[in-house]
>>> print(open('input09.txt').read())   # compact mmCIF, C-alpha atoms and all ligand atoms
# COMPACT_ATOMS: atom_id res chain seq x y z
CA MET A 1 69.19 182.43 19.80
CA THR A 2 69.91 181.52 16.21
CA ILE A 3 73.29 181.89 14.49
CA TYR A 4 71.57 182.42 11.13
CA LYS A 5 70.95 186.00 10.10
CA THR A 6 69.39 187.49 7.00
CA ASP A 7 68.36 190.89 5.75
CA GLY A 8 66.02 189.43 3.14
CA ARG A 9 66.59 190.43 -0.46
CA GLY A 10 66.33 194.11 0.32
CA ARG A 11 63.46 194.62 -2.12
CA ARG A 12 59.93 193.56 -2.93
CA TYR A 13 59.25 192.10 -6.38
CA THR A 14 56.53 193.54 -8.61
CA ASP A 15 55.98 190.19 -10.35
CA ILE A 16 57.56 186.75 -10.62
CA VAL A 17 59.59 187.53 -13.76
CA GLN A 18 61.69 189.97 -11.73
CA THR A 19 63.11 186.98 -9.84
CA VAL A 20 64.75 185.40 -12.92
CA GLY A 21 68.54 185.04 -12.76
CA ASP A 22 71.15 185.72 -10.05
CA THR A 23 71.68 182.02 -9.48
CA PRO A 24 74.40 180.87 -7.08
CA CYS A 25 77.81 179.35 -7.88
CA VAL A 26 78.36 176.61 -5.28
CA ARG A 27 81.61 174.77 -4.38
CA LEU A 28 81.60 170.99 -4.61
CA ASN A 29 83.30 169.23 -1.71
CA ARG A 30 82.94 165.52 -2.52
CA THR A 31 83.21 165.48 -6.31
CA GLY A 32 86.23 165.45 -8.64
CA PRO A 33 89.97 165.19 -7.94
CA ALA A 34 91.44 166.92 -4.86
CA HIS A 35 93.94 169.08 -6.78
CA VAL A 36 91.23 171.33 -8.33
CA SER A 37 88.27 173.43 -7.09
CA MET A 38 84.97 172.64 -8.74
CA PHE A 39 81.95 174.95 -8.70
CA VAL A 40 78.48 174.53 -10.18
CA LYS A 41 76.13 177.32 -11.28
CA VAL A 42 72.76 176.11 -10.05
CA GLU A 43 70.16 177.32 -12.57
CA SER A 44 67.35 175.52 -10.73
CA PHE A 45 67.25 178.61 -8.47
CA ASN A 46 65.29 180.34 -11.26
CA PRO A 47 61.52 180.67 -10.55
CA LEU A 48 60.54 177.79 -12.85
CA SER A 49 63.73 175.90 -12.04
CA SER A 50 65.78 176.12 -15.23
CA VAL A 51 68.24 178.25 -17.20
CA LYS A 52 65.56 178.73 -19.85
CA ASP A 53 63.60 181.17 -17.66
CA ARG A 54 66.22 183.73 -18.71
CA LEU A 55 65.66 183.33 -22.43
CA ALA A 56 61.87 183.12 -22.02
CA LEU A 57 61.86 186.48 -20.27
CA ASN A 58 64.11 188.18 -22.81
CA ILE A 59 62.30 186.81 -25.87
CA ILE A 60 58.99 188.17 -24.58
CA GLU A 61 60.30 191.50 -23.24
CA SER A 62 62.42 192.31 -26.30
CA ALA A 63 59.44 191.50 -28.57
CA GLU A 64 57.31 193.83 -26.40
CA ARG A 65 59.92 196.58 -26.67
CA GLU A 66 60.25 196.18 -30.44
CA GLY A 67 56.47 196.11 -30.97
CA GLN A 68 56.51 192.54 -32.39
CA LEU A 69 54.22 191.28 -29.63
CA LYS A 70 50.86 192.96 -29.03
CA PRO A 71 48.90 192.80 -25.74
CA GLY A 72 46.96 189.53 -25.58
CA GLN A 73 48.60 188.09 -28.74
CA THR A 74 49.22 184.33 -28.68
CA VAL A 75 52.83 183.16 -28.39
CA VAL A 76 53.91 179.88 -30.02
CA GLU A 77 57.17 177.96 -29.62
CA ALA A 78 58.79 174.60 -30.31
CA THR A 79 60.55 173.32 -27.21
CA SER A 80 61.81 170.20 -25.51
CA GLY A 81 60.28 171.51 -22.31
CA ASN A 82 62.29 173.94 -20.24
CA THR A 83 61.80 176.84 -22.65
CA GLY A 84 58.08 176.05 -22.72
CA ILE A 85 57.90 175.99 -18.94
CA GLY A 86 59.78 179.31 -18.73
CA LEU A 87 57.57 180.84 -21.43
CA ALA A 88 54.47 179.52 -19.66
CA MET A 89 55.56 181.33 -16.49
CA VAL A 90 56.32 184.61 -18.32
CA CYS A 91 53.14 184.43 -20.45
CA ALA A 92 50.97 183.63 -17.41
CA ALA A 93 52.43 186.58 -15.50
CA LYS A 94 52.01 188.96 -18.44
CA GLY A 95 48.68 187.74 -19.84
CA TYR A 96 49.68 186.16 -23.17
CA PRO A 97 48.09 182.86 -24.33
CA LEU A 98 50.80 180.27 -25.13
CA VAL A 99 50.87 177.26 -27.48
CA ILE A 100 53.82 174.86 -27.28
CA THR A 101 54.77 172.21 -29.84
CA MET A 102 56.83 169.37 -28.40
CA ALA A 103 57.98 165.96 -29.64
CA GLU A 104 56.13 163.22 -27.76
CA SER A 105 59.45 161.71 -26.56
CA PHE A 106 60.10 164.34 -23.87
CA SER A 107 59.19 163.76 -20.23
CA ILE A 108 55.52 163.71 -19.15
CA GLU A 109 56.08 166.09 -16.22
CA ARG A 110 57.19 168.79 -18.68
CA ARG A 111 53.89 168.62 -20.60
CA ARG A 112 51.83 168.60 -17.44
CA LEU A 113 53.77 171.50 -15.93
CA MET A 114 53.17 173.64 -19.02
CA ARG A 115 49.46 172.80 -19.02
CA PHE A 116 49.32 173.53 -15.27
CA LEU A 117 50.77 176.97 -16.07
CA GLY A 118 47.94 177.53 -18.55
CA ALA A 119 49.69 176.69 -21.84
CA LYS A 120 48.39 174.43 -24.62
CA VAL A 121 50.79 171.62 -25.56
CA VAL A 122 50.64 170.13 -29.07
CA LEU A 123 52.58 166.84 -29.33
CA THR A 124 54.39 166.00 -32.58
CA PRO A 125 55.49 162.47 -33.63
CA LYS A 126 58.90 161.49 -32.28
CA GLU A 127 59.97 160.19 -35.73
CA GLU A 128 59.80 163.79 -36.98
CA ARG A 129 62.47 164.75 -34.42
CA GLY A 130 63.17 168.34 -33.38
CA ILE A 131 62.57 169.63 -36.88
CA GLY A 132 58.99 168.27 -36.80
CA MET A 133 58.04 170.28 -33.72
CA TYR A 134 59.86 173.33 -35.07
CA ASP A 135 58.02 173.23 -38.44
CA ALA A 136 54.67 172.76 -36.63
CA ALA A 137 55.28 175.88 -34.49
CA LYS A 138 56.25 177.97 -37.53
CA LYS A 139 53.14 176.84 -39.44
CA LEU A 140 50.85 177.65 -36.49
CA ALA A 141 52.42 181.12 -36.23
CA ALA A 142 52.04 181.81 -39.97
CA ASP A 143 48.48 180.44 -40.22
CA ASN A 144 47.14 182.20 -37.11
CA GLY A 145 49.15 185.43 -36.88
CA TRP A 146 50.78 184.29 -33.62
CA PHE A 147 54.17 185.46 -32.32
CA PHE A 148 56.82 182.79 -32.95
CA ALA A 149 59.35 182.90 -30.10
CA GLY A 150 62.05 181.23 -32.23
CA GLN A 151 64.61 180.36 -29.53
CA PHE A 152 66.94 178.70 -32.06
CA GLU A 153 67.43 181.91 -34.08
CA ASN A 154 66.31 184.76 -31.83
CA ALA A 155 69.12 187.20 -30.91
CA ALA A 156 67.39 187.70 -27.53
CA ASN A 157 68.61 184.18 -26.59
CA ALA A 158 72.40 184.59 -26.48
CA ASP A 159 72.00 188.27 -25.51
CA ILE A 160 70.38 187.47 -22.16
CA HIS A 161 73.24 185.13 -21.29
CA GLU A 162 75.79 187.79 -22.22
CA SER A 163 73.97 190.39 -20.10
CA THR A 164 73.00 188.22 -17.09
CA THR A 165 74.53 184.70 -16.85
CA ALA A 166 77.98 185.96 -17.87
CA ARG A 167 77.82 189.08 -15.64
CA GLU A 168 76.93 186.88 -12.66
CA ILE A 169 79.88 184.55 -13.36
CA LEU A 170 82.31 187.43 -13.84
CA ALA A 171 81.13 189.09 -10.62
CA ASP A 172 81.21 185.89 -8.56
CA PHE A 173 84.76 185.01 -9.75
CA GLU A 174 86.09 188.57 -9.71
CA ASP A 175 88.55 187.80 -6.92
CA SER A 176 89.33 184.24 -8.00
CA PRO A 177 90.93 182.42 -10.92
CA LEU A 178 88.52 180.83 -13.37
CA ASP A 179 90.40 178.35 -15.54
CA TYR A 180 87.61 176.31 -17.13
CA TRP A 181 83.94 176.91 -17.82
CA VAL A 182 82.03 173.77 -18.84
CA THR A 183 78.61 173.59 -20.53
CA GLY A 184 76.55 171.66 -23.04
CA TYR A 185 74.27 173.18 -25.65
CA GLY A 186 70.67 172.97 -26.82
CA THR A 187 70.02 176.18 -28.73
CA GLY A 188 73.57 177.27 -27.88
CA GLY A 189 72.27 180.44 -26.19
CA THR A 190 74.08 179.78 -22.91
CA VAL A 191 77.45 178.95 -24.47
CA THR A 192 77.42 181.69 -27.11
CA GLY A 193 76.24 184.46 -24.79
CA VAL A 194 78.55 183.60 -21.89
CA ALA A 195 81.50 182.96 -24.24
CA ARG A 196 81.20 186.45 -25.76
CA ALA A 197 81.86 187.95 -22.33
CA LEU A 198 84.47 185.41 -21.19
CA ARG A 199 86.53 185.87 -24.38
CA ARG A 200 86.48 189.63 -23.81
CA GLU A 201 86.98 189.76 -20.06
CA ARG A 202 88.53 186.44 -19.00
CA PRO A 203 90.43 185.39 -22.14
CA ASN A 204 92.47 182.78 -20.25
CA CYS A 205 89.36 180.86 -19.18
CA LYS A 206 89.04 177.72 -21.32
CA ILE A 207 85.54 177.12 -22.68
CA ILE A 208 84.70 173.41 -22.74
CA VAL A 209 81.60 172.29 -24.63
CA SER A 210 80.12 168.87 -24.11
CA GLU A 211 77.81 166.93 -26.42
CA PRO A 212 76.30 163.40 -26.43
CA HIS A 213 78.83 160.74 -27.50
CA ASN A 214 76.40 159.40 -30.10
CA ALA A 215 75.44 162.83 -31.51
CA THR A 216 78.72 164.70 -31.95
CA LEU A 217 77.46 167.48 -34.21
CA LEU A 218 80.34 169.80 -33.32
CA GLY A 219 82.95 167.05 -32.99
CA SER A 220 82.15 165.75 -36.49
CA GLY A 221 83.18 169.08 -38.03
CA LEU A 222 80.41 168.63 -40.61
CA PRO A 223 78.47 171.79 -41.53
CA GLN A 224 74.71 172.28 -41.09
CA GLU A 225 72.68 172.78 -44.28
CA ARG A 226 70.57 175.93 -43.93
CA ASN A 227 67.68 177.74 -45.61
CA ALA A 228 67.88 181.41 -46.59
CA ASP A 229 66.33 182.43 -43.23
CA ASP A 230 69.08 180.52 -41.31
CA SER A 231 66.66 177.78 -40.24
CA PRO A 232 68.05 174.23 -40.62
CA ASN A 233 67.46 172.42 -43.90
CA GLY A 234 67.16 168.86 -42.60
CA SER A 235 68.83 166.92 -39.78
CA HIS A 236 72.58 167.07 -39.23
CA PRO A 237 74.30 163.89 -40.51
CA ALA A 238 76.03 163.19 -37.16
CA TRP A 239 72.81 163.26 -35.09
CA GLU A 240 71.29 160.20 -33.44
CA PRO A 241 68.64 160.02 -30.70
CA HIS A 242 70.32 160.45 -27.32
CA VAL A 243 69.29 160.47 -23.65
CA ILE A 244 70.36 164.02 -22.68
CA GLN A 245 67.05 165.93 -22.82
CA GLY A 246 67.54 169.58 -23.69
CA TRP A 247 70.95 169.06 -25.33
CA THR A 248 71.93 168.76 -28.99
CA PRO A 249 68.84 168.93 -31.19
CA ASP A 250 69.08 167.20 -34.60
CA PHE A 251 70.49 170.35 -36.19
CA ILE A 252 73.05 173.07 -35.39
CA PRO A 253 70.99 176.14 -34.44
CA LYS A 254 71.94 179.57 -35.74
CA VAL A 255 72.57 180.73 -32.16
CA LEU A 256 75.21 178.00 -31.74
CA GLN A 257 76.68 178.70 -35.19
CA GLU A 258 77.95 182.06 -33.89
CA GLY A 259 80.01 180.15 -31.32
CA ILE A 260 81.53 177.93 -34.03
CA ASP A 261 82.25 180.86 -36.35
CA SER A 262 83.83 182.87 -33.52
CA ALA A 263 86.03 179.95 -32.33
CA PHE A 264 84.49 180.24 -28.85
CA PHE A 265 85.04 176.56 -27.99
CA ASP A 266 88.51 175.61 -26.75
CA GLU A 267 87.52 171.96 -26.59
CA VAL A 268 84.47 169.88 -27.56
CA ARG A 269 84.12 166.67 -25.53
CA PRO A 270 81.74 163.75 -26.06
CA VAL A 271 79.94 162.39 -22.99
CA ASP A 272 77.90 159.24 -22.38
CA GLY A 273 74.50 160.42 -21.11
CA MET A 274 73.93 157.22 -19.11
CA LYS A 275 77.13 157.96 -17.16
CA GLY A 276 75.93 161.58 -16.88
CA MET A 277 72.82 160.26 -15.10
CA ALA A 278 75.01 158.36 -12.63
CA MET A 279 76.91 161.61 -12.02
CA ALA A 280 73.64 163.48 -11.39
CA GLN A 281 72.80 160.85 -8.79
CA HIS A 282 76.27 161.19 -7.24
CA LEU A 283 75.76 164.98 -7.05
CA ALA A 284 72.41 164.58 -5.31
CA ALA A 285 73.57 161.98 -2.80
CA ASN A 286 77.01 163.49 -2.04
CA GLU A 287 76.55 167.23 -2.41
CA GLY A 288 72.80 167.65 -1.87
CA ILE A 289 72.42 169.32 -5.26
CA LEU A 290 69.60 168.17 -7.53
CA THR A 291 70.14 168.45 -11.29
CA GLY A 292 68.90 166.80 -14.47
CA VAL A 293 70.59 164.64 -17.08
CA SER A 294 72.25 167.57 -18.85
CA GLY A 295 73.69 168.88 -15.58
CA GLY A 296 75.01 165.43 -14.67
CA SER A 297 76.55 165.09 -18.13
CA ALA A 298 78.19 168.53 -17.99
CA LEU A 299 79.54 167.70 -14.53
CA LEU A 300 80.95 164.36 -15.71
CA THR A 301 82.70 166.22 -18.55
CA ALA A 302 84.12 168.68 -16.02
CA VAL A 303 85.41 165.89 -13.76
CA GLU A 304 87.16 164.36 -16.79
CA VAL A 305 88.70 167.75 -17.62
CA ALA A 306 89.73 168.13 -13.97
CA GLU A 307 91.71 164.89 -14.01
CA THR A 308 94.39 166.36 -16.29
CA ALA A 309 93.97 170.03 -15.29
CA PRO A 310 96.92 171.77 -13.56
CA GLU A 311 97.12 171.85 -9.74
CA GLY A 312 94.82 174.50 -8.22
CA SER A 313 92.63 174.91 -11.32
CA VAL A 314 89.18 176.44 -10.78
CA ILE A 315 86.38 174.90 -12.83
CA LEU A 316 82.79 176.13 -13.15
CA VAL A 317 80.05 173.89 -14.56
CA MET A 318 76.55 174.90 -15.69
CA LEU A 319 73.69 172.88 -14.14
CA PRO A 320 70.73 173.86 -16.39
CA ASP A 321 67.79 172.43 -14.43
CA THR A 322 66.53 170.32 -11.53
CA GLY A 323 66.36 166.54 -11.15
CA GLU A 324 62.69 166.79 -10.18
CA ARG A 325 61.89 167.38 -13.85
CA TYR A 326 62.90 163.75 -14.58
CA LEU A 327 60.95 161.65 -12.06
CA SER A 328 59.30 159.62 -14.86
CA THR A 329 62.52 159.13 -16.85
CA PRO A 330 65.55 156.78 -16.75
CA LEU A 331 67.26 159.23 -14.34
CA PHE A 332 65.06 157.87 -11.54
CA GLU A 333 64.66 154.32 -12.91
CA SER A 334 66.99 152.78 -10.32
CA ILE A 335 65.25 154.57 -7.44
CA PRO A 336 62.55 152.33 -5.97
CA ALA A 337 59.26 153.56 -4.55
CA GLU A 338 58.96 150.58 -2.20
CA MET A 339 60.99 149.78 0.93
CA ASN A 340 64.17 147.72 0.51
CA ASP A 341 65.19 145.06 3.06
CA GLU A 342 67.11 147.54 5.22
CA GLU A 343 64.15 149.92 5.35
CA LYS A 344 61.77 147.02 6.07
CA ALA A 345 64.00 145.94 8.94
CA LEU A 346 63.97 149.49 10.34
CA PHE A 347 60.17 149.54 10.10
CA ALA A 348 59.99 146.13 11.80
CA SER A 349 62.12 147.46 14.65
CA THR A 350 59.43 150.09 15.38
CA ARG A 351 56.71 147.46 15.96
N1 LIG A 401 69.89 171.48 -20.46
C1 LIG A 401 68.56 171.48 -20.48
C2 LIG A 401 67.84 170.54 -19.57
C3 LIG A 401 67.87 172.34 -21.34
O1 LIG A 401 66.52 172.32 -21.37
C4 LIG A 401 68.60 173.20 -22.19
C5 LIG A 401 67.88 174.10 -23.15
N2 LIG A 401 67.30 173.43 -24.24
C6 LIG A 401 70.00 173.17 -22.15
C7 LIG A 401 70.60 172.31 -21.26
C8 LIG A 401 70.84 173.99 -23.10
O2 LIG A 401 70.74 175.37 -23.01
P1 LIG A 401 70.90 176.30 -24.28
O3 LIG A 401 69.62 176.21 -25.08
O4 LIG A 401 71.12 177.66 -23.72
O5 LIG A 401 72.05 175.83 -25.10
>>> encode(input="input09.txt", output="structure tokens", more="lines below")
Ligand code: PMP
Amino acid sequence: MTIYKTDGRGRRYTDIVQTVGDTPCVRLNRTGPAHVSMFVKVESFNPLSSVKDRLALNIIESAEREGQLKPGQTVVEATSGNTGIGLAMVCAAKGYPLVITMAESFSIERRRLMRFLGAKVVLTPKEERGIGMYDAAKKLAADNGWFFAGQFENAANADIHESTTAREILADFEDSPLDYWVTGYGTGGTVTGVARALRRERPNCKIIVSEPHNATLLGSGLPQERNADDSPNGSHPAWEPHVIQGWTPDFIPKVLQEGIDSAFFDEVRPVDGMKGMAMAQHLAANEGILTGVSGGSALLTAVEVAETAPEGSVILVMLPDTGERYLSTPLFESIPAEMNDEEKALFASTR
């Protein structure tokens, strides 16, 4: 007889998009100082394994509701990958063609995943940075009458985090202190949406935002130049190429600007993405939790916060995606495919 028991999910799902969200907050037991409790919110439990499934769903469904997206109309978006993968899932399930523009510097498995899900992927030169892929998507939309998803400006982005990610956190910590919430930003949808709710309902929870140590857009305090439609007018002066895929594009998006203007960030901390990768590896090997470079970097930031946090503090860290999305990248560079001497010796002992 088994000691494990389950009642299933108590429902059947009408399609895959219904399974987005409701990701678990999991305690860490071998990470960080002993005087605090650390939890991670594991967004890889989403159907296409990242936090961006949430925004993909809401961008498409709010455009459907508002009549901006017609049946069978092509959707186009500029994305470093996870948004494109989420959109590819939603568009496949709902029957919309999808075209993604993406700088050639992002990981190969992201492109192939999107194409596997039926999307077209247009690569833009890496010298043109995030703005190059963004301008290409906007031009394709204007020239062809396609629906531009616009994750960097779309209100549906932060809204879905306010109405789902934040509600899940508030419910899961209803009977517990929550002293720190730690996240990075790409579009800023996660931080802005969750912060709206935390400020309202858990005002004592400190919101810690992390960014790459060589691209401190927020830390620099320098403003972003903008066009009349709120899109960025050129790269931010503090930006440099960095290793944390999905974080900190070369401009401050409008969605993130709301967080700055509303003083949502109690502290902005720089983090070294290479050390974030080592933390992702620690998390995998010591907690059995697989996350990408941004998750490792957010966790490293949280461990640094934990070191000076008061006794008994409870800290929650966002883990945006899975480590499997980075097999071809520096995250896995130190992981050999061939047997080492110890493994060879074990094999030899079987002969
Ligand atoms: N990490 C990864 C791997 C991502 O793809 C993204 C989204 N670009 C983020 C973090 C940041 O999320 P958000 O856009 O909500 O700020």
>>> residues_near_ligand(input="input09.txt", ligand="ligand LIG 401 (chain A)", cutoff="10 Å", atoms="only C-alpha atoms and all ligand atoms", output="ChimeraX atom specification")
/A:43,50-55,79-85,151-152,157-158,160-161,183-194,244-249,253,255-256,291-298,318-323,325-326
>>> residues_around(input="input09.txt", residues="Lys138 (chain A)", least_positions_apart="2", cutoff="9 Å", atoms="all atoms listed in the file", output="list of chain:residue names")
A:Val76, A:Glu77, A:Ala78, A:Met133, A:Tyr134, A:Asp135, A:Ala136, A:Leu140, A:Ala141, A:Ala142, A:Asp143, A:Phe148, A:Gly150
>>> residues_near_point(input="input09.txt", point="(55.3, 186.8, -7.8)", cutoff="12 Å", atoms="only C-alpha atoms", output="list of chain:residue names")
A:Arg12, A:Tyr13, A:Thr14, A:Asp15, A:Ile16, A:Val17, A:Gln18, A:Thr19, A:Val20, A:Pro47, A:Leu48, A:Met89, A:Val90, A:Ala92, A:Ala93, A:Lys94
>>> write_last_selection(input="input09.txt", atoms="C-alpha atoms", output="CSV table (one decimal), in the coordinates of the input")
chain,number,residue,atom,x,y,z
A,12,ARG,CA,59.9,193.6,-2.9
A,13,TYR,CA,59.2,192.1,-6.4
A,14,THR,CA,56.5,193.5,-8.6
A,15,ASP,CA,56.0,190.2,-10.4
A,16,ILE,CA,57.6,186.8,-10.6
A,17,VAL,CA,59.6,187.5,-13.8
A,18,GLN,CA,61.7,190.0,-11.7
A,19,THR,CA,63.1,187.0,-9.8
A,20,VAL,CA,64.8,185.4,-12.9
A,47,PRO,CA,61.5,180.7,-10.6
A,48,LEU,CA,60.5,177.8,-12.8
A,89,MET,CA,55.6,181.3,-16.5
A,90,VAL,CA,56.3,184.6,-18.3
A,92,ALA,CA,51.0,183.6,-17.4
A,93,ALA,CA,52.4,186.6,-15.5
A,94,LYS,CA,52.0,189.0,-18.4
>>> atom_distance(input="input09.txt", atom1="CA of Ala63 (chain A)", atom2="CA of Gly130 (chain A)")
23.9 Å
>>> atom_distance(input="input09.txt", atom1="CA of Ser62 (chain A)", atom2="CA of Val182 (chain A)")
28.0 Å
>>> atom_distance(input="input09.txt", atom1="CA of Glu168 (chain A)", atom2="CA of Asp7 (chain A)")
20.7 Å
>>> residues_around(input="input09.txt", residues="Glu311 (chain A)", least_positions_apart="3", cutoff="9 Å", atoms="all atoms listed in the file", output="PDB file with C-alpha atoms, in the coordinates of the input")
ATOM      1  CA  ALA A  34      91.440 166.920  -4.860  1.00  0.00           C
ATOM      2  CA  HIS A  35      93.940 169.080  -6.780  1.00  0.00           C
ATOM      3  CA  VAL A  36      91.230 171.330  -8.330  1.00  0.00           C
ATOM      4  CA  THR A 308      94.390 166.360 -16.290  1.00  0.00           C
TER       5      THR A 308
END
>>> closest_residue(input="input09.txt", among="A:Ile59, A:Ala88, A:Ile169, A:Ala228", to="Ala149 (chain A)", atoms="all atoms listed in the file")
A:Ile59
>>> closest_residue(input="input09.txt", among="A:Leu198, A:Ile100, A:Val314, A:Met279", to="Ala119 (chain A)", atoms="only C-alpha atoms")
A:Ile100
>>> closest_residue(input="input09.txt", among="A:Asp341, A:Ser328, A:Pro310, A:Leu218", to="Arg111 (chain A)", atoms="only C-alpha atoms")
A:Ser328
>>> residues_around(input="input09.txt", residues="Leu316 (chain A)", least_positions_apart="2", cutoff="10 Å", atoms="all atoms listed in the file", output="list in words")
Cys25, Val26, Arg27, Ser37, Met38, Phe39, Val40, Lys41, Ile169, Phe173, Leu178, Asp179, Tyr180, Trp181, Val182, Thr183, Ile207, Leu299, Ala302, Val314, Met318 and Leu319 of chain A
>>> residues_around(input="input09.txt", residues="Gly132 (chain A)", least_positions_apart="3", cutoff="10 Å", atoms="only C-alpha atoms", output="ChimeraX atom specification")
/A:78,101-103,123-129,135-137
>>> closest_residue(input="input09.txt", among="A:Leu98, A:Leu57, A:Leu290, A:Leu222", to="Gly72 (chain A)", atoms="all atoms listed in the file")
A:Leu98
>>> closest_residue(input="input09.txt", among="A:Tyr96, A:Ile315, A:Leu327, A:Arg65", to="Ser176 (chain A)", atoms="only C-alpha atoms")
A:Ile315
>>> closest_residue(input="input09.txt", among="A:Asp229, A:Ala56, A:Lys206, A:His213", to="Asp159 (chain A)", atoms="only C-alpha atoms")
A:Ala56
>>> axis_aligned_box(input="input09.txt", around="region 270-276 of chain A", padding_each_side="6 Å", output="lines of an AutoDock Vina configuration file")
center_x = 77.8
center_y = 160.5
center_z = -21.5
size_x = 19.8
size_y = 18.5
size_z = 21.2
>>> residues_near_point(input="input09.txt", point="(74.5, 156.7, -23.1)", cutoff="10 Å", atoms="all atoms listed in the file", output="list in words")
Pro212, His213, Asn214, His242, Val243, Ile244, Val271, Asp272, Gly273, Met274, Lys275, Gly276, Met277 and Ser297 of chain A
>>> decode(input="input09.txt", residues="region 165-176 of chain A", atoms="N, CA and C atoms", output="PDB file, in the first residue's frame")
ATOM      1  N   THR A 165      -0.247  36.106 -10.176  1.00  0.00           N
ATOM      2  CA  THR A 165       0.999  35.875  -9.425  1.00  0.00           C
ATOM      3  C   THR A 165       0.883  36.417  -7.995  1.00  0.00           C
ATOM      4  N   ALA A 166       0.413  37.663  -7.882  1.00  0.00           N
ATOM      5  CA  ALA A 166       0.306  38.289  -6.558  1.00  0.00           C
ATOM      6  C   ALA A 166      -0.735  37.586  -5.698  1.00  0.00           C
ATOM      7  N   ARG A 167      -1.895  37.226  -6.291  1.00  0.00           N
ATOM      8  CA  ARG A 167      -2.947  36.543  -5.504  1.00  0.00           C
ATOM      9  C   ARG A 167      -2.427  35.218  -4.969  1.00  0.00           C
ATOM     10  N   GLU A 168      -1.650  34.504  -5.798  1.00  0.00           N
ATOM     11  CA  GLU A 168      -1.108  33.217  -5.350  1.00  0.00           C
ATOM     12  C   GLU A 168      -0.161  33.424  -4.165  1.00  0.00           C
ATOM     13  N   ILE A 169       0.695  34.454  -4.260  1.00  0.00           N
ATOM     14  CA  ILE A 169       1.653  34.724  -3.178  1.00  0.00           C
ATOM     15  C   ILE A 169       0.907  35.096  -1.902  1.00  0.00           C
ATOM     16  N   LEU A 170      -0.064  35.992  -2.035  1.00  0.00           N
ATOM     17  CA  LEU A 170      -0.816  36.437  -0.855  1.00  0.00           C
ATOM     18  C   LEU A 170      -1.551  35.255  -0.217  1.00  0.00           C
ATOM     19  N   ALA A 171      -2.117  34.384  -1.044  1.00  0.00           N
ATOM     20  CA  ALA A 171      -2.838  33.231  -0.488  1.00  0.00           C
ATOM     21  C   ALA A 171      -1.875  32.253   0.180  1.00  0.00           C
ATOM     22  N   ASP A 172      -0.729  32.006  -0.461  1.00  0.00           N
ATOM     23  CA  ASP A 172       0.187  30.996   0.074  1.00  0.00           C
ATOM     24  C   ASP A 172       0.903  31.478   1.343  1.00  0.00           C
ATOM     25  N   PHE A 173       0.987  32.806   1.555  1.00  0.00           N
ATOM     26  CA  PHE A 173       1.630  33.345   2.757  1.00  0.00           C
ATOM     27  C   PHE A 173       0.619  34.013   3.692  1.00  0.00           C
ATOM     28  N   GLU A 174      -0.657  33.636   3.541  1.00  0.00           N
ATOM     29  CA  GLU A 174      -1.706  34.241   4.346  1.00  0.00           C
ATOM     30  C   GLU A 174      -1.458  34.048   5.842  1.00  0.00           C
ATOM     31  N   ASP A 175      -0.975  32.862   6.196  1.00  0.00           N
ATOM     32  CA  ASP A 175      -0.794  32.547   7.621  1.00  0.00           C
ATOM     33  C   ASP A 175       0.682  32.596   8.019  1.00  0.00           C
ATOM     34  N   SER A 176       1.466  33.372   7.287  1.00  0.00           N
ATOM     35  CA  SER A 176       2.908  33.409   7.540  1.00  0.00           C
ATOM     36  C   SER A 176       3.415  34.826   7.330  1.00  0.00           C
TER      37      SER A 176
END
